[in-house]
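Taking it in order: structure first as structure tokens, then the write-up.
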Amino acid sequence: MESLLQHLERFSELLAVSRTTHVSPWDPATVRRALQWARYLRHVHSRFGRHVRIRTALERRLQKRWRQEGTSGSFPVPGLTNFQALGRCDLLLSLRLLENRALGDAAYHYLLQQLFPGPGVPDADEETLQGSLVRLARRRSAVHMLRFTGYGENSVLEDSVLKTQAELLLQRLREVPKAEGEGPSRFLSALWDRLPQNNFLKVIAAALLLPPSSPRPQGEELELGTPKTPGQGGQELVRWLLAKSDVMAAFCHNLPVGLLTSVAGRHPELSRAYLGLLTDWGRHLRYDLEKGTWVGAESQHASWEELYGRFQSLCQAPPPLKDEVLTALESCKAQDGDFQVPGLSIWTDLLLALGRGS
Amino acid sequence: MCAHCFLQCLAGPFSKMAQDSVGFSSDYQFWMQKLSVWDQASTLETQQDTCLHLPRFQEFLRQVYEVLKEMDSNTIIERFPTIGQLLAKTCWNPFILAFDESQKILIWCLCCLINKEPQNSEESKLNSWTRGLLSHILSAFRFDTKEVGLFTQGLGFAPADYCPGLLKNMVLSLVSELRENHLNGFNTQRRMVPEKIRFLSRVCIPLVTLPDIEPLVEALLIYHGHEPQEVLWPEFFDAVNEAFLLKKISLPISAVVCLWLRHLPSLEKATLHLFDKLISSQRNFLRRIECFLKDSLLPEAACHPAIFRIVDEMFRYALLETDGAPEVLAAIQVFTRCFVEALEKKNKQLKFTFKTYFPYASPSLVMMLLQHPKEIPQELWHQPLKHISEMLREMVEDQTHGSYGGPFECWFLFVHFGGWADIAAEQLVMSEAEPPEALLWLLAFSYSPRDRSLQRAQTMTEVKAVLGHLKKLFRSPTLSAKDLQAAAAESQARDPRPPLCQKLIRRLILNFLLWAPGGHVIAREVITLRISS
């Protein structure tokens with residue numbers, strides 16, 4: 001058992017190195033050894049897939065490694081994140097080496113010979129590496145071809161790309177080492193700091209809207225990118241959003257109105273926070289007698305139009321969200337003094353504009 | 001050996017190689033030109049032309065590989081200085097990369113170009129360039145915006161990780177859009193323009209054997225737009241049908257029916273493919289014929305009358321061309337049996353009357369024939385047999401009744417349902433009573449439909465005579481092969497029996513051997529003696 005774990009450690013290091021310039025002194029013999037190690041681990045994967053004890057031990061070691069590498073601030077994600085990844089470790093290694101320009105010509109030549117032996121008797125027992133690589137190439141060109149079904153709009157591609165990113169995010173959230181239960185939050189915060197935020201917000205929304213899939217039996221193979229139980233990952237996301245007020249503010253400010261309504265409809269805790277934010281925005285608006293509209297005191301405050309647009313969308317949502325929103329507006333109006341006349345309380349005016357003023 | 005032959009022998013292998021290389025280099029020029037015209041296959045014409053040539057180009061690529069693998073990198077560049085261009089243009093044509101095994105063969109070819117010890121900067125540059133192309137095929141992925149790439153990298157994912165998932169999501173998205181358009185027509189939010197659907201069908205042509213694309217192919221087949229003319233590309237149907245016949249794609253029966261209804265050549269090809277399989281396999285047991293038929297999905301698809309009529313037509317043609325070959329007859333009978341089985345399973349949803357399947361037959365006759373002979377108890381066989389015989393006789397002998405198609409059509413209808421002739425023969429041999437005229441007529445008709453009344457009457461008399469002999473022998477304890485020979489013998493006084501009559505008598509002898517108490521014992525001897533043949 002111990003030797004297996006050591007092997008795993010060494011291979012993880014190898015995988016990390018395979019992307020760097022450290023491979024330049026490699027010769028064909030080194031490549032051969034690397035591929036052999038990968039093949040051995042893949043064999044381990046197929047042999048011990050149902051062996052819970054070994055599986056758990058290997059996963060624990062991988063998680064420990066991730067925790068060690070990922071101090072808050074920098075967060076490299078390791079090549080092997082869970083047991084399932086072992087099933088593709090030769091593919092991962094091969095692709096990294098193929099893309100690495102630092103790999104010498106002799107080593108590269110040897111690698112190609114190993115990966116693409118040419119026509120011959122196909123290995124009937126297991127999926128050959130050649131087969132996996134070729135299938136990947138074919139799928140890649142399929143994506144490329146389906147991309148251009150634009151004819152004006154490219155919504156097919158955009159939606160699919162967002163959905164795929166969301167699935168990937170949830171996958172990582174499931175794998176992140178849950179030391180002290182802090183793991184996922186820290187991970188998400190690190191992502192927020194490092195990655196383009198606009199895209200990240202859209203991905204979060206997509207992730208929150210993914211349909212919950214049915215739970216599958218243990219040990220079944222899954223393609224990367226398909227979540228087992230997205231509900232779980234979704235919970236982590238919600239928790240994190242609620243904890244980070246700046247992210248929540250950006251979330252509610254930047255995303256399209258309809259999307260926000262859908263998210264709120266699915267996640268009651270978020271709808272409460274969303275409403276809270278909106279009421280907060282509302283309180284920052286003052287009535288301008290000259291212009292005859294409500295305006296924000298400072299430029300970063302939301303405008304009347306933005307506020308109204310969001311409430312309008314929320315009121316078109318199915319109950320219980322709609323009812324929740326109306327109740328909230330009513331109670332705000334009451335707190336303000338329950339005015340019927342426009343211009344005195346923003347809540348009155350909103351309700352009037354929505355056609356619900358009583 | 002003459003000098004001429006001797007010289008030819010010497011020149012033999014070399015001249016072939018020379019011929020091959022001439023053929024190869026002209027092919028090379030041809031494809032080089034094609035690739036230049038196709039470029040990245042971004043227009044309708046280039047896409048169409050590429051799709052037409054995909055299989056042949058793949059063959060050419062195989063030839064290229066066979067040539068390249070024997071040489072090292074430097075020799076290749078010497079012999080084929082433009083090989084780099086050829087391979088690069090191939091790489092940049094997504095239709096070629098998507099097709100079948102072309103990407104694999106292309107990778108093999110590129111591997112041949114890699115030099116393991118480059119001696120100068122030229123060779124290094126070639127290596128670098130080739131590596132770039134390989135990277136392009138295997139892993140490069142460019143999104144329209146930078147952010148997405150940063151996101152996936154930030155999460156630690158490479159294109160290899162998310163490509164399958166992305167493809168799945170794109171297919172799902174397209175399928176649901178198609179379904180929405182199909183169900184809601186003009187009321188959908190995202191209306192699909194016909195050009196887009198036609199484009200999708202074109203894009204699917206090289207991808208048709210990729211399992212991830214199956215849902216999209218199915219959705220396209222089932223989709224009905226609102227334009228009067230066909231919106232899908234005809235080559236799409238061809239490609240799907242080919243893949244289906246070679247079992248490289250699995251489609252539900254509903255999609256296959258749509259395919260065949262929308263594209264007649266596909267249905268014809270499928271039927272011919274079935275004929276081919278039936279003819280080419282050596283010994284066809286009925287069980288195997290049934291397997292082939294059910295596998296082909298044709299009987300189930302034939303529940304749709306249009307498909308049934310076309311397949312039936314092809315069977316009719318085959319029967320006429322082969323002059324009633326028994327293999328074709330057997331195929332028709334098994335097909336009809338599987339078809340009736342499938343019809344009964346669909347009974348609740350059945351909307352078509354039998355007249356739509358058999359327009360040339362009287363409905364009452366069809367109803368009669370569709371009954372299962374096995375479901376009727378043996379004692380009652382004679383009733384339906386008599387009815388069938390009478391109905392057929394009336395149609396055949398009544399010259400004025402043009403609407404029922406004449407004797408051939410009647411006969412063709414009857415042979416669909418082989419079970420009836422079988423039990424008629426059984427009945428004749430086994431019953432003690434005088435053979436009924438109706439049964440004699442029925443059998444004579446089924447073996448020899450073209451006879452005139454006089455010939456048929458003669459056949460019936462002959463058969464009656466033989467049957468008389470056989471009945472005496474039926475319970476004989478000392479049955480011998482010689483006895484049977486005598487029973488089946490032709491009477492010397494008359495003209496020799498016509499071959500079809502002979503065939504019928506042979507059939508009756510076989511039935512006798514099967515059912516007579518002493519039959520099994522003498523069976524081998526009888527067959528060796530080849531009685532009555």
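Each chain of the structure tokens is named A, B, ... in the order shown, its residues numbered from 1; ligands are numbered from 1 in display order.
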Write down, as number ranges by chain, each residue of chain B that has any atom within 8 Å of an atom of chain A, counting only C-alpha atoms.
-> B: 94-95, 97-99, 103-104, 107-108, 111, 114-118, 127, 135, 137-139, 141, 147-148, 150-152, 154-156, 160-167, 169-170, 173-174, 196, 199-200, 203, 207
Do a neighbour search on Phe285 of chain B at 12 Å with only C-alpha atoms, toss out local chain neighbours closer than 5 positions, and write the hits as a PyMOL selection string.
-> chain B and resi 278-279+290-292+327+330-331+334
Emit the selected residues as a PDB file, in the first residue's frame, including N, CA, C and O atoms.
ATOM      1  N   LEU B 278     -28.898 -11.810 -47.947  1.00  0.00           N
ATOM      2  CA  LEU B 278     -29.624 -13.069 -48.023  1.00  0.00           C
ATOM      3  C   LEU B 278     -29.031 -13.967 -49.098  1.00  0.00           C
ATOM      4  O   LEU B 278     -28.944 -15.174 -48.926  1.00  0.00           O
ATOM      5  N   ILE B 279     -28.627 -13.363 -50.201  1.00  0.00           N
ATOM      6  CA  ILE B 279     -28.121 -14.175 -51.305  1.00  0.00           C
ATOM      7  C   ILE B 279     -26.721 -14.671 -51.003  1.00  0.00           C
ATOM      8  O   ILE B 279     -26.356 -15.796 -51.325  1.00  0.00           O
ATOM      9  N   GLU B 290     -34.776 -14.870 -40.743  1.00  0.00           N
ATOM     10  CA  GLU B 290     -35.572 -14.047 -39.837  1.00  0.00           C
ATOM     11  C   GLU B 290     -34.694 -13.056 -39.090  1.00  0.00           C
ATOM     12  O   GLU B 290     -35.057 -11.892 -38.920  1.00  0.00           O
ATOM     13  N   CYS B 291     -33.522 -13.529 -38.649  1.00  0.00           N
ATOM     14  CA  CYS B 291     -32.592 -12.638 -37.952  1.00  0.00           C
ATOM     15  C   CYS B 291     -32.170 -11.471 -38.810  1.00  0.00           C
ATOM     16  O   CYS B 291     -32.207 -10.324 -38.374  1.00  0.00           O
ATOM     17  N   PHE B 292     -31.775 -11.784 -40.048  1.00  0.00           N
ATOM     18  CA  PHE B 292     -31.352 -10.717 -40.952  1.00  0.00           C
ATOM     19  C   PHE B 292     -32.469  -9.701 -41.138  1.00  0.00           C
ATOM     20  O   PHE B 292     -32.259  -8.500 -41.145  1.00  0.00           O
ATOM     21  N   GLU B 327     -35.243 -19.070 -52.930  1.00  0.00           N
ATOM     22  CA  GLU B 327     -34.660 -18.206 -51.903  1.00  0.00           C
ATOM     23  C   GLU B 327     -35.479 -16.930 -51.753  1.00  0.00           C
ATOM     24  O   GLU B 327     -35.718 -16.450 -50.646  1.00  0.00           O
ATOM     25  N   ALA B 330     -38.761 -17.698 -50.064  1.00  0.00           N
ATOM     26  CA  ALA B 330     -38.575 -17.860 -48.619  1.00  0.00           C
ATOM     27  C   ALA B 330     -38.441 -16.493 -47.949  1.00  0.00           C
ATOM     28  O   ALA B 330     -39.045 -16.230 -46.905  1.00  0.00           O
ATOM     29  N   ALA B 331     -37.664 -15.611 -48.587  1.00  0.00           N
ATOM     30  CA  ALA B 331     -37.463 -14.282 -48.012  1.00  0.00           C
ATOM     31  C   ALA B 331     -38.786 -13.525 -47.914  1.00  0.00           C
ATOM     32  O   ALA B 331     -39.083 -12.893 -46.895  1.00  0.00           O
ATOM     33  N   VAL B 334     -40.867 -14.994 -44.998  1.00  0.00           N
ATOM     34  CA  VAL B 334     -40.397 -14.613 -43.669  1.00  0.00           C
ATOM     35  C   VAL B 334     -40.634 -13.125 -43.429  1.00  0.00           C
ATOM     36  O   VAL B 334     -41.041 -12.705 -42.342  1.00  0.00           O
TER      37      VAL B 334
END
Got a sec: who's within 12 Å of Arg55 of chain A, counting only C-alpha atoms, leaving out chain neighbours fewer than 3 positions off, as a list of chain:residue names?
-> A:Met1, A:Leu4, A:Leu5, A:Val44, A:His45, A:Ser46, A:Arg47, A:Phe48, A:Gly49, A:Arg50, A:His51, A:Val52, A:Leu58, A:Glu59, A:Arg60, A:Arg61, A:Leu62, A:Asn82, A:Phe83, A:Gln84, A:Ala85, A:Leu86, A:Gln218, A:Gly219
Spatial neighbours of Val238 of chain A, 9 Å, only C-alpha atoms, chain gap at least 5 places, as JSON, numbers by chain = {"A": [208, 233, 243, 267, 269, 270]}
Do a neighbour search on Ser176 of chain B at 9 Å with only C-alpha atoms, toss out local chain neighbours closer than 5 positions, and write the hits as a compact mmCIF listing (two decimals) with N, CA and C atoms, in the first residue's frame.
# COMPACT_ATOMS: atom_id res chain seq x y z
N VAL B 171 -24.58 19.68 -28.57
CA VAL B 171 -25.56 18.80 -29.23
C VAL B 171 -26.91 18.89 -28.54
N ASN B 181 -38.70 23.84 -32.23
CA ASN B 181 -39.20 24.32 -33.52
C ASN B 181 -40.17 23.34 -34.14
N ALA B 219 -32.56 13.95 -34.22
CA ALA B 219 -33.44 15.13 -34.19
C ALA B 219 -33.64 15.70 -35.59
Any idea what's packed within 6 Å of segment 13-27 of chain A, counting only C-alpha atoms, ignoring anything in its chain fewer than 2 positions away? Could you give it as an MDAnalysis selection string?
-> chainID A and resid 10:11 29:30 96:97 102:104 107
Restricting it to all heavy atoms, dump the selection as an mmCIF file, in the first residue's frame.
data_model
loop_
_atom_site.group_PDB
_atom_site.id
_atom_site.type_symbol
_atom_site.label_atom_id
_atom_site.label_comp_id
_atom_site.auth_asym_id
_atom_site.auth_seq_id
_atom_site.Cartn_x
_atom_site.Cartn_y
_atom_site.Cartn_z
ATOM 1 N N ARG A 10 5.003 10.311 -6.727
ATOM 2 C CA ARG A 10 6.030 10.562 -7.734
ATOM 3 C C ARG A 10 5.401 10.886 -9.078
ATOM 4 O O ARG A 10 5.872 11.742 -9.818
ATOM 5 C CB ARG A 10 6.977 9.375 -7.858
ATOM 6 C CG ARG A 10 8.105 9.448 -6.834
ATOM 7 C CD ARG A 10 9.129 8.383 -7.083
ATOM 8 N NE ARG A 10 8.579 7.077 -6.789
ATOM 9 C CZ ARG A 10 9.117 5.939 -7.218
ATOM 10 N NH1 ARG A 10 10.200 5.940 -7.945
ATOM 11 N NH2 ARG A 10 8.558 4.802 -6.919
ATOM 12 N N PHE A 11 4.332 10.186 -9.369
ATOM 13 C CA PHE A 11 3.694 10.475 -10.649
ATOM 14 C C PHE A 11 3.076 11.864 -10.669
ATOM 15 O O PHE A 11 3.098 12.554 -11.698
ATOM 16 C CB PHE A 11 2.633 9.417 -10.993
ATOM 17 C CG PHE A 11 2.050 9.617 -12.350
ATOM 18 C CD1 PHE A 11 2.752 9.255 -13.486
ATOM 19 C CD2 PHE A 11 0.814 10.227 -12.490
ATOM 20 C CE1 PHE A 11 2.213 9.471 -14.749
ATOM 21 C CE2 PHE A 11 0.277 10.449 -13.746
ATOM 22 C CZ PHE A 11 0.978 10.072 -14.877
ATOM 23 N N ALA A 29 14.436 7.252 -23.123
ATOM 24 C CA ALA A 29 14.277 6.320 -22.006
ATOM 25 C C ALA A 29 13.419 6.933 -20.900
ATOM 26 O O ALA A 29 12.578 6.257 -20.295
ATOM 27 C CB ALA A 29 15.639 5.914 -21.470
ATOM 28 N N THR A 30 13.625 8.229 -20.653
ATOM 29 C CA THR A 30 12.826 8.903 -19.628
ATOM 30 C C THR A 30 11.361 8.910 -20.009
ATOM 31 O O THR A 30 10.482 8.646 -19.186
ATOM 32 C CB THR A 30 13.285 10.365 -19.458
ATOM 33 O OG1 THR A 30 14.691 10.444 -19.642
ATOM 34 C CG2 THR A 30 12.910 10.897 -18.098
ATOM 35 N N ARG A 96 0.148 16.638 -22.241
ATOM 36 C CA ARG A 96 1.050 17.679 -21.733
ATOM 37 C C ARG A 96 2.403 17.620 -22.430
ATOM 38 O O ARG A 96 2.974 18.642 -22.805
ATOM 39 C CB ARG A 96 1.240 17.508 -20.237
ATOM 40 C CG ARG A 96 0.053 17.972 -19.442
ATOM 41 C CD ARG A 96 0.351 17.969 -17.974
ATOM 42 N NE ARG A 96 -0.836 18.313 -17.207
ATOM 43 C CZ ARG A 96 -0.794 18.740 -15.963
ATOM 44 N NH1 ARG A 96 0.362 18.847 -15.346
ATOM 45 N NH2 ARG A 96 -1.898 19.012 -15.328
ATOM 46 N N LEU A 97 2.889 16.397 -22.597
ATOM 47 C CA LEU A 97 4.192 16.267 -23.250
ATOM 48 C C LEU A 97 4.118 16.687 -24.715
ATOM 49 O O LEU A 97 5.032 17.312 -25.241
ATOM 50 C CB LEU A 97 4.692 14.826 -23.138
ATOM 51 C CG LEU A 97 5.159 14.414 -21.752
ATOM 52 C CD1 LEU A 97 5.535 12.936 -21.747
ATOM 53 C CD2 LEU A 97 6.358 15.248 -21.307
ATOM 54 N N ALA A 102 9.381 22.434 -24.990
ATOM 55 C CA ALA A 102 10.715 22.250 -24.424
ATOM 56 C C ALA A 102 11.196 20.819 -24.585
ATOM 57 O O ALA A 102 12.387 20.542 -24.434
ATOM 58 C CB ALA A 102 10.702 22.639 -22.951
ATOM 59 N N LEU A 103 10.308 19.916 -24.902
ATOM 60 C CA LEU A 103 10.715 18.516 -25.042
ATOM 61 C C LEU A 103 11.599 18.353 -26.272
ATOM 62 O O LEU A 103 11.267 18.810 -27.350
ATOM 63 C CB LEU A 103 9.466 17.639 -25.167
ATOM 64 C CG LEU A 103 9.670 16.126 -25.059
ATOM 65 C CD1 LEU A 103 10.156 15.779 -23.662
ATOM 66 C CD2 LEU A 103 8.374 15.397 -25.360
ATOM 67 N N GLY A 104 12.741 17.668 -26.070
ATOM 68 C CA GLY A 104 13.710 17.541 -27.155
ATOM 69 C C GLY A 104 13.180 16.718 -28.321
ATOM 70 O O GLY A 104 12.227 15.950 -28.176
ATOM 71 N N ALA A 107 13.268 12.822 -27.849
ATOM 72 C CA ALA A 107 12.236 12.368 -26.919
ATOM 73 C C ALA A 107 10.853 12.492 -27.547
ATOM 74 O O ALA A 107 10.006 11.609 -27.403
ATOM 75 C CB ALA A 107 12.308 13.185 -25.626
#
